[in-house]
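A.B. asks: For reference, the file input-v8.csv (CSV, N, CA and C atoms and all ligand atoms) is included below:
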```
chain,number,residue,atom,x,y,z
A,1,MET,N,0.8,-1.2,0.0
A,1,MET,CA,0.0,0.0,0.0
A,1,MET,C,0.9,1.3,0.0
A,2,GLU,N,0.6,2.1,-0.9
A,2,GLU,CA,1.5,3.3,-1.0
A,2,GLU,C,1.1,4.4,0.0
A,3,GLU,N,-0.3,4.5,0.2
A,3,GLU,CA,-0.7,5.6,1.0
A,3,GLU,C,-1.4,5.2,2.3
A,4,GLY,N,-1.4,3.9,2.5
A,4,GLY,CA,-2.1,3.4,3.7
A,4,GLY,C,-3.6,3.3,3.5
A,5,VAL,N,-4.3,2.6,4.3
A,5,VAL,CA,-5.7,2.4,4.2
A,5,VAL,C,-6.4,2.7,5.5
A,6,ALA,N,-7.4,3.6,5.5
A,6,ALA,CA,-8.2,3.9,6.7
A,6,ALA,C,-9.5,3.1,6.6
A,7,ARG,N,-9.9,2.6,7.7
A,7,ARG,CA,-11.2,1.9,7.7
A,7,ARG,C,-12.3,2.8,8.3
A,8,ILE,N,-13.4,2.9,7.7
A,8,ILE,CA,-14.5,3.7,8.3
A,8,ILE,C,-15.8,2.9,8.4
A,9,GLY,N,-16.6,3.3,9.3
A,9,GLY,CA,-17.9,2.7,9.4
A,9,GLY,C,-19.0,3.7,9.0
A,10,VAL,N,-19.9,3.3,8.2
A,10,VAL,CA,-20.9,4.2,7.7
A,10,VAL,C,-22.3,3.7,8.0
A,11,SER,N,-23.2,4.6,8.5
A,11,SER,CA,-24.6,4.2,8.6
A,11,SER,C,-25.4,4.7,7.5
A,12,LEU,N,-26.2,3.8,6.8
A,12,LEU,CA,-27.0,4.2,5.7
A,12,LEU,C,-28.4,3.7,5.8
A,13,PRO,N,-29.3,4.4,5.2
A,13,PRO,CA,-30.7,3.8,5.2
A,13,PRO,C,-30.7,2.5,4.4
A,14,LYS,N,-31.4,1.6,4.8
A,14,LYS,CA,-31.4,0.3,4.1
A,14,LYS,C,-31.7,0.3,2.6
A,15,ASN,N,-32.7,1.1,2.3
A,15,ASN,CA,-33.1,1.2,0.8
A,15,ASN,C,-32.0,1.8,0.0
A,16,LEU,N,-31.2,2.8,0.6
A,16,LEU,CA,-30.1,3.4,-0.2
A,16,LEU,C,-29.0,2.3,-0.4
A,17,LEU,N,-28.7,1.6,0.6
A,17,LEU,CA,-27.7,0.5,0.5
A,17,LEU,C,-28.2,-0.6,-0.5
A,18,ASP,N,-29.4,-0.9,-0.5
A,18,ASP,CA,-30.0,-1.9,-1.4
A,18,ASP,C,-29.8,-1.5,-2.9
A,19,GLU,N,-30.1,-0.2,-3.1
A,19,GLU,CA,-30.0,0.4,-4.4
A,19,GLU,C,-28.6,0.4,-4.9
A,20,PHE,N,-27.7,0.8,-4.0
A,20,PHE,CA,-26.3,0.8,-4.3
A,20,PHE,C,-25.7,-0.6,-4.6
A,21,ASP,N,-26.1,-1.5,-3.8
A,21,ASP,CA,-25.7,-2.9,-4.0
A,21,ASP,C,-26.2,-3.5,-5.4
A,22,SER,N,-27.4,-3.1,-5.7
A,22,SER,CA,-28.0,-3.6,-7.0
A,22,SER,C,-27.2,-3.0,-8.1
A,23,ILE,N,-26.8,-1.7,-8.0
A,23,ILE,CA,-26.1,-1.1,-9.1
A,23,ILE,C,-24.7,-1.7,-9.2
A,24,ILE,N,-24.0,-1.9,-8.1
A,24,ILE,CA,-22.6,-2.4,-8.2
A,24,ILE,C,-22.6,-3.8,-8.7
A,25,LYS,N,-23.7,-4.5,-8.4
A,25,LYS,CA,-23.8,-5.9,-8.9
A,25,LYS,C,-23.9,-5.9,-10.5
A,26,THR,N,-24.7,-5.0,-11.0
A,26,THR,CA,-24.9,-4.8,-12.4
A,26,THR,C,-23.6,-4.4,-13.1
A,27,ARG,N,-22.9,-3.5,-12.4
A,27,ARG,CA,-21.6,-3.0,-13.0
A,27,ARG,C,-20.5,-4.0,-12.8
A,28,GLY,N,-20.7,-5.0,-12.1
A,28,GLY,CA,-19.6,-6.0,-11.9
A,28,GLY,C,-18.5,-5.8,-10.9
A,29,TYR,N,-18.8,-5.0,-9.9
A,29,TYR,CA,-17.8,-4.8,-8.9
A,29,TYR,C,-17.6,-6.1,-8.1
A,30,SER,N,-16.3,-6.3,-7.7
A,30,SER,CA,-16.0,-7.5,-7.0
A,30,SER,C,-16.3,-7.3,-5.5
A,31,SER,N,-16.2,-6.0,-5.0
A,31,SER,CA,-16.5,-5.8,-3.6
A,31,SER,C,-17.1,-4.4,-3.5
A,32,ARG,N,-17.9,-4.3,-2.3
A,32,ARG,CA,-18.6,-3.1,-2.0
A,32,ARG,C,-17.6,-2.0,-1.7
A,33,SER,N,-16.5,-2.3,-1.1
A,33,SER,CA,-15.4,-1.3,-0.8
A,33,SER,C,-14.9,-0.7,-2.0
A,34,GLU,N,-14.6,-1.5,-3.0
A,34,GLU,CA,-14.1,-1.0,-4.3
A,34,GLU,C,-15.1,0.0,-4.9
A,35,ALA,N,-16.4,-0.4,-4.9
A,35,ALA,CA,-17.4,0.5,-5.5
A,35,ALA,C,-17.5,1.8,-4.7
A,36,ILE,N,-17.4,1.7,-3.4
A,36,ILE,CA,-17.5,2.9,-2.5
A,36,ILE,C,-16.3,3.8,-2.8
A,37,ARG,N,-15.1,3.2,-3.0
A,37,ARG,CA,-14.0,4.0,-3.3
A,37,ARG,C,-14.2,4.8,-4.7
A,38,ASP,N,-14.7,4.1,-5.7
A,38,ASP,CA,-15.0,4.7,-6.9
A,38,ASP,C,-16.0,5.8,-6.8
A,39,ALA,N,-17.1,5.6,-6.0
A,39,ALA,CA,-18.1,6.5,-5.8
A,39,ALA,C,-17.6,7.8,-5.2
A,40,ILE,N,-16.7,7.6,-4.2
A,40,ILE,CA,-16.1,8.8,-3.5
A,40,ILE,C,-15.2,9.6,-4.5
A,41,ARG,N,-14.4,8.8,-5.3
A,41,ARG,CA,-13.6,9.5,-6.3
A,41,ARG,C,-14.4,10.3,-7.3
A,42,SER,N,-15.6,9.8,-7.8
A,42,SER,CA,-16.4,10.6,-8.7
A,42,SER,C,-17.0,11.8,-8.0
A,43,TYR,N,-17.4,11.6,-6.8
A,43,TYR,CA,-17.9,12.7,-6.0
A,43,TYR,C,-16.9,13.9,-5.9
A,44,ILE,N,-15.7,13.5,-5.6
A,44,ILE,CA,-14.6,14.5,-5.5
A,44,ILE,C,-14.3,15.2,-6.9
A,45,ALA,N,-14.3,14.3,-7.9
A,45,ALA,CA,-14.0,14.9,-9.3
A,45,ALA,C,-15.1,15.8,-9.7
A,46,GLU,N,-16.4,15.5,-9.4
A,46,GLU,CA,-17.5,16.3,-9.8
A,46,GLU,C,-17.4,17.7,-9.0
A,47,TYR,N,-17.1,17.6,-7.8
A,47,TYR,CA,-17.0,18.8,-7.0
A,47,TYR,C,-15.9,19.7,-7.5
A,48,LYS,N,-14.8,19.1,-7.8
A,48,LYS,CA,-13.7,19.9,-8.3
A,48,LYS,C,-14.0,20.6,-9.7
A,49,TRP,N,-14.8,19.8,-10.5
A,49,TRP,CA,-15.2,20.3,-11.8
A,49,TRP,C,-16.1,21.5,-11.6
A,50,LEU,N,-17.1,21.4,-10.7
A,50,LEU,CA,-18.0,22.5,-10.5
A,50,LEU,C,-17.3,23.8,-10.0
A,51,GLU,N,-16.3,23.5,-9.1
A,51,GLU,CA,-15.5,24.6,-8.6
A,51,GLU,C,-14.8,25.4,-9.6
A,52,ARG,N,-14.5,24.7,-10.7
A,52,ARG,CA,-13.7,25.3,-11.8
A,52,ARG,C,-14.5,26.1,-12.7
A,53,GLU,N,-15.7,26.6,-12.3
A,53,GLU,CA,-16.5,27.3,-13.2
A,53,GLU,C,-15.9,28.5,-13.9
A,54,LYS,N,-14.8,29.0,-13.3
A,54,LYS,CA,-14.2,30.2,-13.9
A,54,LYS,C,-13.0,29.8,-14.7
A,55,GLY,N,-12.6,28.6,-14.7
A,55,GLY,CA,-11.4,28.2,-15.3
A,55,GLY,C,-11.6,27.8,-16.8
A,56,GLU,N,-10.6,27.2,-17.4
A,56,GLU,CA,-10.7,26.8,-18.8
A,56,GLU,C,-11.5,25.5,-18.9
A,57,ILE,N,-12.4,25.5,-19.8
A,57,ILE,CA,-13.3,24.4,-20.0
A,57,ILE,C,-13.3,24.0,-21.5
A,58,ILE,N,-13.4,22.7,-21.7
A,58,ILE,CA,-13.6,22.2,-23.1
A,58,ILE,C,-15.0,21.5,-23.2
A,59,GLY,N,-15.7,21.8,-24.2
A,59,GLY,CA,-17.1,21.2,-24.3
A,59,GLY,C,-17.7,21.4,-25.6
A,60,VAL,N,-19.0,21.1,-25.7
A,60,VAL,CA,-19.7,21.3,-26.9
A,60,VAL,C,-21.1,21.9,-26.6
A,61,VAL,N,-21.4,22.9,-27.4
A,61,VAL,CA,-22.8,23.5,-27.3
A,61,VAL,C,-23.6,22.9,-28.5
A,62,ASN,N,-24.6,22.2,-28.2
A,62,ASN,CA,-25.4,21.6,-29.2
A,62,ASN,C,-26.6,22.5,-29.5
A,63,VAL,N,-26.9,22.9,-30.7
A,63,VAL,CA,-27.9,23.8,-31.0
A,63,VAL,C,-28.8,23.2,-32.1
A,64,MET,N,-30.1,23.2,-31.8
A,64,MET,CA,-31.1,22.6,-32.7
A,64,MET,C,-32.0,23.7,-33.2
A,65,TYR,N,-32.2,23.7,-34.6
A,65,TYR,CA,-33.1,24.7,-35.1
A,65,TYR,C,-33.6,24.3,-36.5
A,66,ASP,N,-34.6,25.0,-36.9
A,66,ASP,CA,-35.2,24.8,-38.3
A,66,ASP,C,-34.6,25.8,-39.2
A,67,HIS,N,-33.9,25.3,-40.2
A,67,HIS,CA,-33.1,26.3,-41.1
A,67,HIS,C,-34.0,27.1,-41.9
A,68,HIS,N,-35.3,26.8,-42.0
A,68,HIS,CA,-36.2,27.7,-42.8
A,68,HIS,C,-36.6,29.0,-42.0
A,69,PHE,N,-36.3,29.0,-40.7
A,69,PHE,CA,-36.7,30.1,-39.9
A,69,PHE,C,-35.9,31.4,-40.4
A,70,LYS,N,-36.6,32.4,-40.7
A,70,LYS,CA,-36.0,33.6,-41.4
A,70,LYS,C,-34.8,34.2,-40.6
A,71,GLY,N,-33.7,34.3,-41.2
A,71,GLY,CA,-32.5,35.0,-40.6
A,71,GLY,C,-31.7,34.1,-39.6
A,72,ILE,N,-32.1,32.9,-39.4
A,72,ILE,CA,-31.4,32.1,-38.3
A,72,ILE,C,-30.0,31.7,-38.7
A,73,SER,N,-29.7,31.4,-39.9
A,73,SER,CA,-28.4,31.0,-40.3
A,73,SER,C,-27.4,32.2,-40.2
A,74,ASP,N,-27.8,33.3,-40.6
A,74,ASP,CA,-27.0,34.5,-40.4
A,74,ASP,C,-26.8,34.9,-39.0
A,75,ALA,N,-27.8,34.8,-38.2
A,75,ALA,CA,-27.7,35.1,-36.8
A,75,ALA,C,-26.7,34.1,-36.1
A,76,LEU,N,-26.8,32.9,-36.4
A,76,LEU,CA,-25.8,31.9,-35.8
A,76,LEU,C,-24.4,32.1,-36.3
A,77,THR,N,-24.3,32.5,-37.6
A,77,THR,CA,-22.9,32.7,-38.1
A,77,THR,C,-22.3,34.0,-37.4
A,78,ASN,N,-23.1,35.0,-37.3
A,78,ASN,CA,-22.6,36.3,-36.7
A,78,ASN,C,-22.2,36.1,-35.3
A,79,LEU,N,-23.1,35.3,-34.5
A,79,LEU,CA,-22.8,35.1,-33.1
A,79,LEU,C,-21.5,34.3,-33.0
A,80,GLN,N,-21.3,33.3,-33.8
A,80,GLN,CA,-20.1,32.5,-33.7
A,80,GLN,C,-18.8,33.3,-34.1
A,81,HIS,N,-19.0,34.2,-35.0
A,81,HIS,CA,-17.8,35.1,-35.3
A,81,HIS,C,-17.5,36.0,-34.1
A,82,ASN,N,-18.5,36.4,-33.4
A,82,ASN,CA,-18.3,37.2,-32.2
A,82,ASN,C,-17.5,36.5,-31.1
A,83,PHE,N,-17.7,35.1,-31.1
A,83,PHE,CA,-17.1,34.3,-30.1
A,83,PHE,C,-15.9,33.4,-30.7
A,84,TYR,N,-15.3,33.9,-31.8
A,84,TYR,CA,-14.3,33.1,-32.5
A,84,TYR,C,-13.2,32.6,-31.6
A,85,LYS,N,-12.9,33.4,-30.6
A,85,LYS,CA,-11.8,33.1,-29.7
A,85,LYS,C,-12.0,31.8,-28.9
A,86,ILE,N,-13.2,31.5,-28.6
A,86,ILE,CA,-13.4,30.3,-27.8
A,86,ILE,C,-14.0,29.1,-28.6
A,87,ILE,N,-14.3,29.4,-29.9
A,87,ILE,CA,-14.9,28.3,-30.7
A,87,ILE,C,-13.8,27.6,-31.5
A,88,THR,N,-13.6,26.3,-31.3
A,88,THR,CA,-12.6,25.5,-31.9
A,88,THR,C,-13.0,25.2,-33.3
A,89,THR,N,-14.2,24.6,-33.4
A,89,THR,CA,-14.8,24.3,-34.7
A,89,THR,C,-16.3,24.0,-34.6
A,90,THR,N,-17.0,24.0,-35.7
A,90,THR,CA,-18.4,23.7,-35.6
A,90,THR,C,-18.8,22.6,-36.6
A,91,LEU,N,-19.6,21.7,-36.1
A,91,LEU,CA,-20.1,20.6,-37.0
A,91,LEU,C,-21.5,20.9,-37.3
A,92,HIS,N,-21.9,20.8,-38.5
A,92,HIS,CA,-23.3,21.0,-38.9
A,92,HIS,C,-23.9,19.7,-39.4
A,93,ILE,N,-25.0,19.3,-38.8
A,93,ILE,CA,-25.6,18.0,-39.2
A,93,ILE,C,-27.0,18.3,-39.7
A,94,HIS,N,-27.4,18.0,-40.9
A,94,HIS,CA,-28.7,18.2,-41.4
A,94,HIS,C,-29.6,17.0,-40.9
A,95,LEU,N,-30.4,17.2,-39.9
A,95,LEU,CA,-31.1,16.1,-39.3
A,95,LEU,C,-32.2,15.5,-40.2
A,96,ASN,N,-32.9,16.4,-40.9
A,96,ASN,CA,-33.9,16.0,-41.9
A,96,ASN,C,-34.1,17.1,-42.8
A,97,GLU,N,-35.2,17.2,-43.6
A,97,GLU,CA,-35.5,18.3,-44.5
A,97,GLU,C,-35.5,19.6,-43.8
A,98,ASP,N,-35.9,19.7,-42.6
A,98,ASP,CA,-36.1,21.0,-41.9
A,98,ASP,C,-35.1,21.3,-40.8
A,99,MET,N,-34.8,20.3,-40.0
A,99,MET,CA,-34.0,20.5,-38.8
A,99,MET,C,-32.5,20.4,-38.9
A,100,CYS,N,-31.8,21.3,-38.3
A,100,CYS,CA,-30.4,21.2,-38.2
A,100,CYS,C,-29.9,21.1,-36.8
A,101,LEU,N,-28.7,20.4,-36.7
A,101,LEU,CA,-28.1,20.3,-35.4
A,101,LEU,C,-26.7,20.9,-35.6
A,102,GLU,N,-26.4,22.0,-34.9
A,102,GLU,CA,-25.0,22.5,-34.9
A,102,GLU,C,-24.3,22.2,-33.6
A,103,MET,N,-23.2,21.6,-33.8
A,103,MET,CA,-22.4,21.2,-32.6
A,103,MET,C,-21.2,22.2,-32.6
A,104,ILE,N,-21.2,23.1,-31.6
A,104,ILE,CA,-20.1,24.1,-31.5
A,104,ILE,C,-19.1,23.6,-30.5
A,105,LEU,N,-17.9,23.3,-30.9
A,105,LEU,CA,-16.9,22.8,-30.0
A,105,LEU,C,-16.2,24.1,-29.4
A,106,VAL,N,-16.2,24.1,-28.1
A,106,VAL,CA,-15.7,25.3,-27.4
A,106,VAL,C,-14.5,24.9,-26.5
A,107,ARG,N,-13.6,25.9,-26.4
A,107,ARG,CA,-12.5,25.8,-25.4
A,107,ARG,C,-12.1,27.1,-25.0
A,108,GLY,N,-12.3,27.4,-23.7
A,108,GLY,CA,-12.0,28.7,-23.2
A,108,GLY,C,-12.6,28.9,-21.8
A,109,ASP,N,-12.7,30.1,-21.4
A,109,ASP,CA,-13.1,30.5,-20.1
A,109,ASP,C,-14.6,30.2,-19.9
A,110,MET,N,-14.9,29.5,-18.8
A,110,MET,CA,-16.3,29.1,-18.6
A,110,MET,C,-17.3,30.3,-18.6
A,111,GLU,N,-16.8,31.5,-18.2
A,111,GLU,CA,-17.7,32.7,-18.2
A,111,GLU,C,-18.0,33.1,-19.6
A,112,GLU,N,-17.1,33.0,-20.5
A,112,GLU,CA,-17.3,33.3,-21.9
A,112,GLU,C,-18.2,32.3,-22.6
A,113,ILE,N,-18.0,31.0,-22.2
A,113,ILE,CA,-18.8,30.0,-22.8
A,113,ILE,C,-20.3,30.1,-22.3
A,114,LYS,N,-20.5,30.5,-21.1
A,114,LYS,CA,-21.8,30.8,-20.6
A,114,LYS,C,-22.5,31.9,-21.3
A,115,LYS,N,-21.7,32.9,-21.7
A,115,LYS,CA,-22.3,34.0,-22.5
A,115,LYS,C,-22.8,33.5,-23.8
A,116,LEU,N,-21.9,32.7,-24.5
A,116,LEU,CA,-22.3,32.1,-25.8
A,116,LEU,C,-23.5,31.3,-25.7
A,117,VAL,N,-23.6,30.5,-24.6
A,117,VAL,CA,-24.8,29.6,-24.5
A,117,VAL,C,-26.1,30.5,-24.3
A,118,ASP,N,-25.9,31.5,-23.5
A,118,ASP,CA,-27.1,32.4,-23.3
A,118,ASP,C,-27.5,33.1,-24.6
A,119,LYS,N,-26.5,33.6,-25.3
A,119,LYS,CA,-26.9,34.3,-26.6
A,119,LYS,C,-27.4,33.4,-27.6
A,120,VAL,N,-26.9,32.2,-27.7
A,120,VAL,CA,-27.4,31.3,-28.7
A,120,VAL,C,-28.8,30.8,-28.4
A,121,SER,N,-29.1,30.7,-27.1
A,121,SER,CA,-30.4,30.3,-26.6
A,121,SER,C,-31.5,31.4,-26.9
A,122,ALA,N,-31.0,32.7,-27.0
A,122,ALA,CA,-31.9,33.8,-27.2
A,122,ALA,C,-32.2,34.0,-28.7
A,123,ILE,N,-31.5,33.3,-29.6
A,123,ILE,CA,-31.7,33.5,-31.0
A,123,ILE,C,-33.1,33.0,-31.4
A,124,ARG,N,-33.9,33.7,-32.0
A,124,ARG,CA,-35.3,33.3,-32.4
A,124,ARG,C,-35.2,32.2,-33.4
A,125,GLY,N,-36.0,31.1,-33.1
A,125,GLY,CA,-36.0,30.0,-34.0
A,125,GLY,C,-35.2,28.8,-33.5
A,126,VAL,N,-34.3,29.1,-32.5
A,126,VAL,CA,-33.5,28.0,-31.9
A,126,VAL,C,-34.5,27.2,-31.0
A,127,THR,N,-34.6,25.9,-31.2
A,127,THR,CA,-35.6,25.1,-30.5
A,127,THR,C,-34.9,24.4,-29.3
A,128,GLY,N,-33.6,24.2,-29.3
A,128,GLY,CA,-33.0,23.5,-28.2
A,128,GLY,C,-31.5,23.8,-28.1
A,129,VAL,N,-31.0,24.0,-26.9
A,129,VAL,CA,-29.6,24.2,-26.7
A,129,VAL,C,-29.1,23.3,-25.5
A,130,LYS,N,-28.1,22.6,-25.7
A,130,LYS,CA,-27.6,21.8,-24.6
A,130,LYS,C,-26.1,21.9,-24.6
A,131,PHE,N,-25.5,22.2,-23.4
A,131,PHE,CA,-24.1,22.4,-23.3
A,131,PHE,C,-23.5,21.2,-22.5
A,132,ILE,N,-22.5,20.6,-23.1
A,132,ILE,CA,-21.9,19.4,-22.4
A,132,ILE,C,-20.4,19.7,-22.2
A,133,THR,N,-19.9,19.5,-21.0
A,133,THR,CA,-18.5,19.7,-20.8
A,133,THR,C,-17.8,18.4,-20.9
A,134,ALA,N,-16.5,18.5,-21.4
A,134,ALA,CA,-15.7,17.4,-21.5
A,134,ALA,C,-14.7,17.4,-20.3
A,135,PHE,N,-14.2,16.3,-19.9
A,135,PHE,CA,-13.3,16.3,-18.8
A,135,PHE,C,-11.9,16.7,-19.2
A,136,LYS,N,-11.2,17.4,-18.4
A,136,LYS,CA,-9.8,17.8,-18.7
A,136,LYS,C,-9.1,18.0,-17.3
A,137,GLU,N,-8.1,17.2,-17.2
A,137,GLU,CA,-7.4,17.3,-15.9
A,137,GLU,C,-6.3,18.3,-16.0
B,201,NI,NI,-28.8,21.9,-41.9
```
Go ahead and render the structure in this file as structure tokens.
C.D. replies:
Amino acid sequence: MEEGVARIGVSLPKNLLDEFDSIIKTRGYSSRSEAIRDAIRSYIAEYKWLEREKGEIIGVVNVMYDHHFKGISDALTNLQHNFYKIITTTLHIHLNEDMCLEMILVRGDMEEIKKLVDKVSAIRGVTGVKFITAFKE
């Protein structure tokens, strides 16, 4: 053992433990301790990630819209030029005859990315916006 092991005792509601055990069984954990270690690691990673709201983030802004909507293509292009410093690239997928999905890959300060998400959401004709962050250590 490199860092030593501490033993802890934890009290849990029975139904919470049952649910946890059922999940770890499905996921194939060999022991409950191993699963709890992983759960604690994810909890810490998630917390650190949220704390980093002002730091550099890599992610994708997914934008859904009907390309027939008057002026929408220009509005999206103009907005993306205004944010060229944080936009790495954009993928455009023609979903069907009407709908488009634009996947805007972003890398930059979280505050700037939030501004982009807000502005893209405000464009008339945009029917859905979803921002997904990618992990970066
Ligand atoms: Ni399209």
A.B. asks: Assign secondary structure with DSSP using the backbone only, and return the residues of chain A in strand (DSSP E) as a VMD selection string.
C.D. replies: chain A and resid 56 to 66 87 to 94 99 to 109 126 to 134
A.B. asks: Any idea what's packed within 12 Å of region 35-48 of chain A, counting only C-alpha atoms, ignoring anything in its chain fewer than 5 positions away? Could you give it as a PDB file with N, CA and C atoms, keeping the file's coordinate frame?
C.D. replies:
```pdb
ATOM      1  N   VAL A   5      -4.300   2.600   4.300  1.00  0.00           N
ATOM      2  CA  VAL A   5      -5.700   2.400   4.200  1.00  0.00           C
ATOM      3  C   VAL A   5      -6.400   2.700   5.500  1.00  0.00           C
ATOM      4  N   ALA A   6      -7.400   3.600   5.500  1.00  0.00           N
ATOM      5  CA  ALA A   6      -8.200   3.900   6.700  1.00  0.00           C
ATOM      6  C   ALA A   6      -9.500   3.100   6.600  1.00  0.00           C
ATOM      7  N   ARG A   7      -9.900   2.600   7.700  1.00  0.00           N
ATOM      8  CA  ARG A   7     -11.200   1.900   7.700  1.00  0.00           C
ATOM      9  C   ARG A   7     -12.300   2.800   8.300  1.00  0.00           C
ATOM     10  N   ILE A   8     -13.400   2.900   7.700  1.00  0.00           N
ATOM     11  CA  ILE A   8     -14.500   3.700   8.300  1.00  0.00           C
ATOM     12  C   ILE A   8     -15.800   2.900   8.400  1.00  0.00           C
ATOM     13  N   GLY A   9     -16.600   3.300   9.300  1.00  0.00           N
ATOM     14  CA  GLY A   9     -17.900   2.700   9.400  1.00  0.00           C
ATOM     15  C   GLY A   9     -19.000   3.700   9.000  1.00  0.00           C
ATOM     16  N   VAL A  10     -19.900   3.300   8.200  1.00  0.00           N
ATOM     17  CA  VAL A  10     -20.900   4.200   7.700  1.00  0.00           C
ATOM     18  C   VAL A  10     -22.300   3.700   8.000  1.00  0.00           C
ATOM     19  N   LEU A  17     -28.700   1.600   0.600  1.00  0.00           N
ATOM     20  CA  LEU A  17     -27.700   0.500   0.500  1.00  0.00           C
ATOM     21  C   LEU A  17     -28.200  -0.600  -0.500  1.00  0.00           C
ATOM     22  N   PHE A  20     -27.700   0.800  -4.000  1.00  0.00           N
ATOM     23  CA  PHE A  20     -26.300   0.800  -4.300  1.00  0.00           C
ATOM     24  C   PHE A  20     -25.700  -0.600  -4.600  1.00  0.00           C
ATOM     25  N   ASP A  21     -26.100  -1.500  -3.800  1.00  0.00           N
ATOM     26  CA  ASP A  21     -25.700  -2.900  -4.000  1.00  0.00           C
ATOM     27  C   ASP A  21     -26.200  -3.500  -5.400  1.00  0.00           C
ATOM     28  N   SER A  22     -27.400  -3.100  -5.700  1.00  0.00           N
ATOM     29  CA  SER A  22     -28.000  -3.600  -7.000  1.00  0.00           C
ATOM     30  C   SER A  22     -27.200  -3.000  -8.100  1.00  0.00           C
ATOM     31  N   ILE A  23     -26.800  -1.700  -8.000  1.00  0.00           N
ATOM     32  CA  ILE A  23     -26.100  -1.100  -9.100  1.00  0.00           C
ATOM     33  C   ILE A  23     -24.700  -1.700  -9.200  1.00  0.00           C
ATOM     34  N   ILE A  24     -24.000  -1.900  -8.100  1.00  0.00           N
ATOM     35  CA  ILE A  24     -22.600  -2.400  -8.200  1.00  0.00           C
ATOM     36  C   ILE A  24     -22.600  -3.800  -8.700  1.00  0.00           C
ATOM     37  N   LYS A  25     -23.700  -4.500  -8.400  1.00  0.00           N
ATOM     38  CA  LYS A  25     -23.800  -5.900  -8.900  1.00  0.00           C
ATOM     39  C   LYS A  25     -23.900  -5.900 -10.500  1.00  0.00           C
ATOM     40  N   THR A  26     -24.700  -5.000 -11.000  1.00  0.00           N
ATOM     41  CA  THR A  26     -24.900  -4.800 -12.400  1.00  0.00           C
ATOM     42  C   THR A  26     -23.600  -4.400 -13.100  1.00  0.00           C
ATOM     43  N   ARG A  27     -22.900  -3.500 -12.400  1.00  0.00           N
ATOM     44  CA  ARG A  27     -21.600  -3.000 -13.000  1.00  0.00           C
ATOM     45  C   ARG A  27     -20.500  -4.000 -12.800  1.00  0.00           C
ATOM     46  N   GLY A  28     -20.700  -5.000 -12.100  1.00  0.00           N
ATOM     47  CA  GLY A  28     -19.600  -6.000 -11.900  1.00  0.00           C
ATOM     48  C   GLY A  28     -18.500  -5.800 -10.900  1.00  0.00           C
ATOM     49  N   TYR A  29     -18.800  -5.000  -9.900  1.00  0.00           N
ATOM     50  CA  TYR A  29     -17.800  -4.800  -8.900  1.00  0.00           C
ATOM     51  C   TYR A  29     -17.600  -6.100  -8.100  1.00  0.00           C
ATOM     52  N   SER A  30     -16.300  -6.300  -7.700  1.00  0.00           N
ATOM     53  CA  SER A  30     -16.000  -7.500  -7.000  1.00  0.00           C
ATOM     54  C   SER A  30     -16.300  -7.300  -5.500  1.00  0.00           C
ATOM     55  N   GLU A  53     -15.700  26.600 -12.300  1.00  0.00           N
ATOM     56  CA  GLU A  53     -16.500  27.300 -13.200  1.00  0.00           C
ATOM     57  C   GLU A  53     -15.900  28.500 -13.900  1.00  0.00           C
ATOM     58  N   LYS A  54     -14.800  29.000 -13.300  1.00  0.00           N
ATOM     59  CA  LYS A  54     -14.200  30.200 -13.900  1.00  0.00           C
ATOM     60  C   LYS A  54     -13.000  29.800 -14.700  1.00  0.00           C
ATOM     61  N   GLY A  55     -12.600  28.600 -14.700  1.00  0.00           N
ATOM     62  CA  GLY A  55     -11.400  28.200 -15.300  1.00  0.00           C
ATOM     63  C   GLY A  55     -11.600  27.800 -16.800  1.00  0.00           C
ATOM     64  N   THR A 133     -19.900  19.500 -21.000  1.00  0.00           N
ATOM     65  CA  THR A 133     -18.500  19.700 -20.800  1.00  0.00           C
ATOM     66  C   THR A 133     -17.800  18.400 -20.900  1.00  0.00           C
ATOM     67  N   ALA A 134     -16.500  18.500 -21.400  1.00  0.00           N
ATOM     68  CA  ALA A 134     -15.700  17.400 -21.500  1.00  0.00           C
ATOM     69  C   ALA A 134     -14.700  17.400 -20.300  1.00  0.00           C
ATOM     70  N   PHE A 135     -14.200  16.300 -19.900  1.00  0.00           N
ATOM     71  CA  PHE A 135     -13.300  16.300 -18.800  1.00  0.00           C
ATOM     72  C   PHE A 135     -11.900  16.700 -19.200  1.00  0.00           C
ATOM     73  N   LYS A 136     -11.200  17.400 -18.400  1.00  0.00           N
ATOM     74  CA  LYS A 136      -9.800  17.800 -18.700  1.00  0.00           C
ATOM     75  C   LYS A 136      -9.100  18.000 -17.300  1.00  0.00           C
ATOM     76  N   GLU A 137      -8.100  17.200 -17.200  1.00  0.00           N
ATOM     77  CA  GLU A 137      -7.400  17.300 -15.900  1.00  0.00           C
ATOM     78  C   GLU A 137      -6.300  18.300 -16.000  1.00  0.00           C
TER      79      GLU A 137
END
```
A.B. asks: From the options A:Phe131, A:Leu101, A:Lys114, A:Gly108, which residue's atoms come nearest to ligand NI 201 (chain B), counting all atoms listed in the file?
C.D. replies: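 Among the listed residues, the smallest separation from ligand NI 201 (chain B) belongs to A:Leu101.
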A.B. asks: Please extract the residues of chain A with a backbone DSSP assignment of alpha helix (DSSP H) and present them as a VMD selection string.
C.D. replies: chain A and resid 14 to 27 32 to 51 72 to 82 110 to 122
A.B. asks: Mind pulling up the distance from CA of Thr90 (chain A) to atom N of Lys119 (chain A)?
C.D. replies: 16.4 Å
A.B. asks: Please provide the set of residues having any atom within 10 Å of Ile123 (chain A), restricted to only C-alpha atoms, with same-chain residues fewer than 3 positions apart removed, written as a list of chain:residue names.
C.D. replies: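 The neighbour list is A:Tyr65, A:Gly71, A:Ile72, A:Ala75, A:Leu76, A:Leu79, A:Asp118, A:Lys119, A:Val120, A:Val126, A:Thr127.
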A.B. asks: Which neighbours of Met103 (chain A) fall inside 9 Å, counting only C-alpha atoms, when residues of the same chain fewer than 4 positions from it are skipped, and could you give them as a VMD selection string?
C.D. replies: chain A and resid 60 to 64 89 to 93
A.B. asks: Find the residue from A:Lys130, A:His67, A:Arg124, A:Lys115 that sits nearest to ligand NI 201 (chain B); use only C-alpha atoms and all ligand atoms when measuring.
C.D. replies: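 For ligand NI 201 (chain B), the nearest of the candidates is A:His67.
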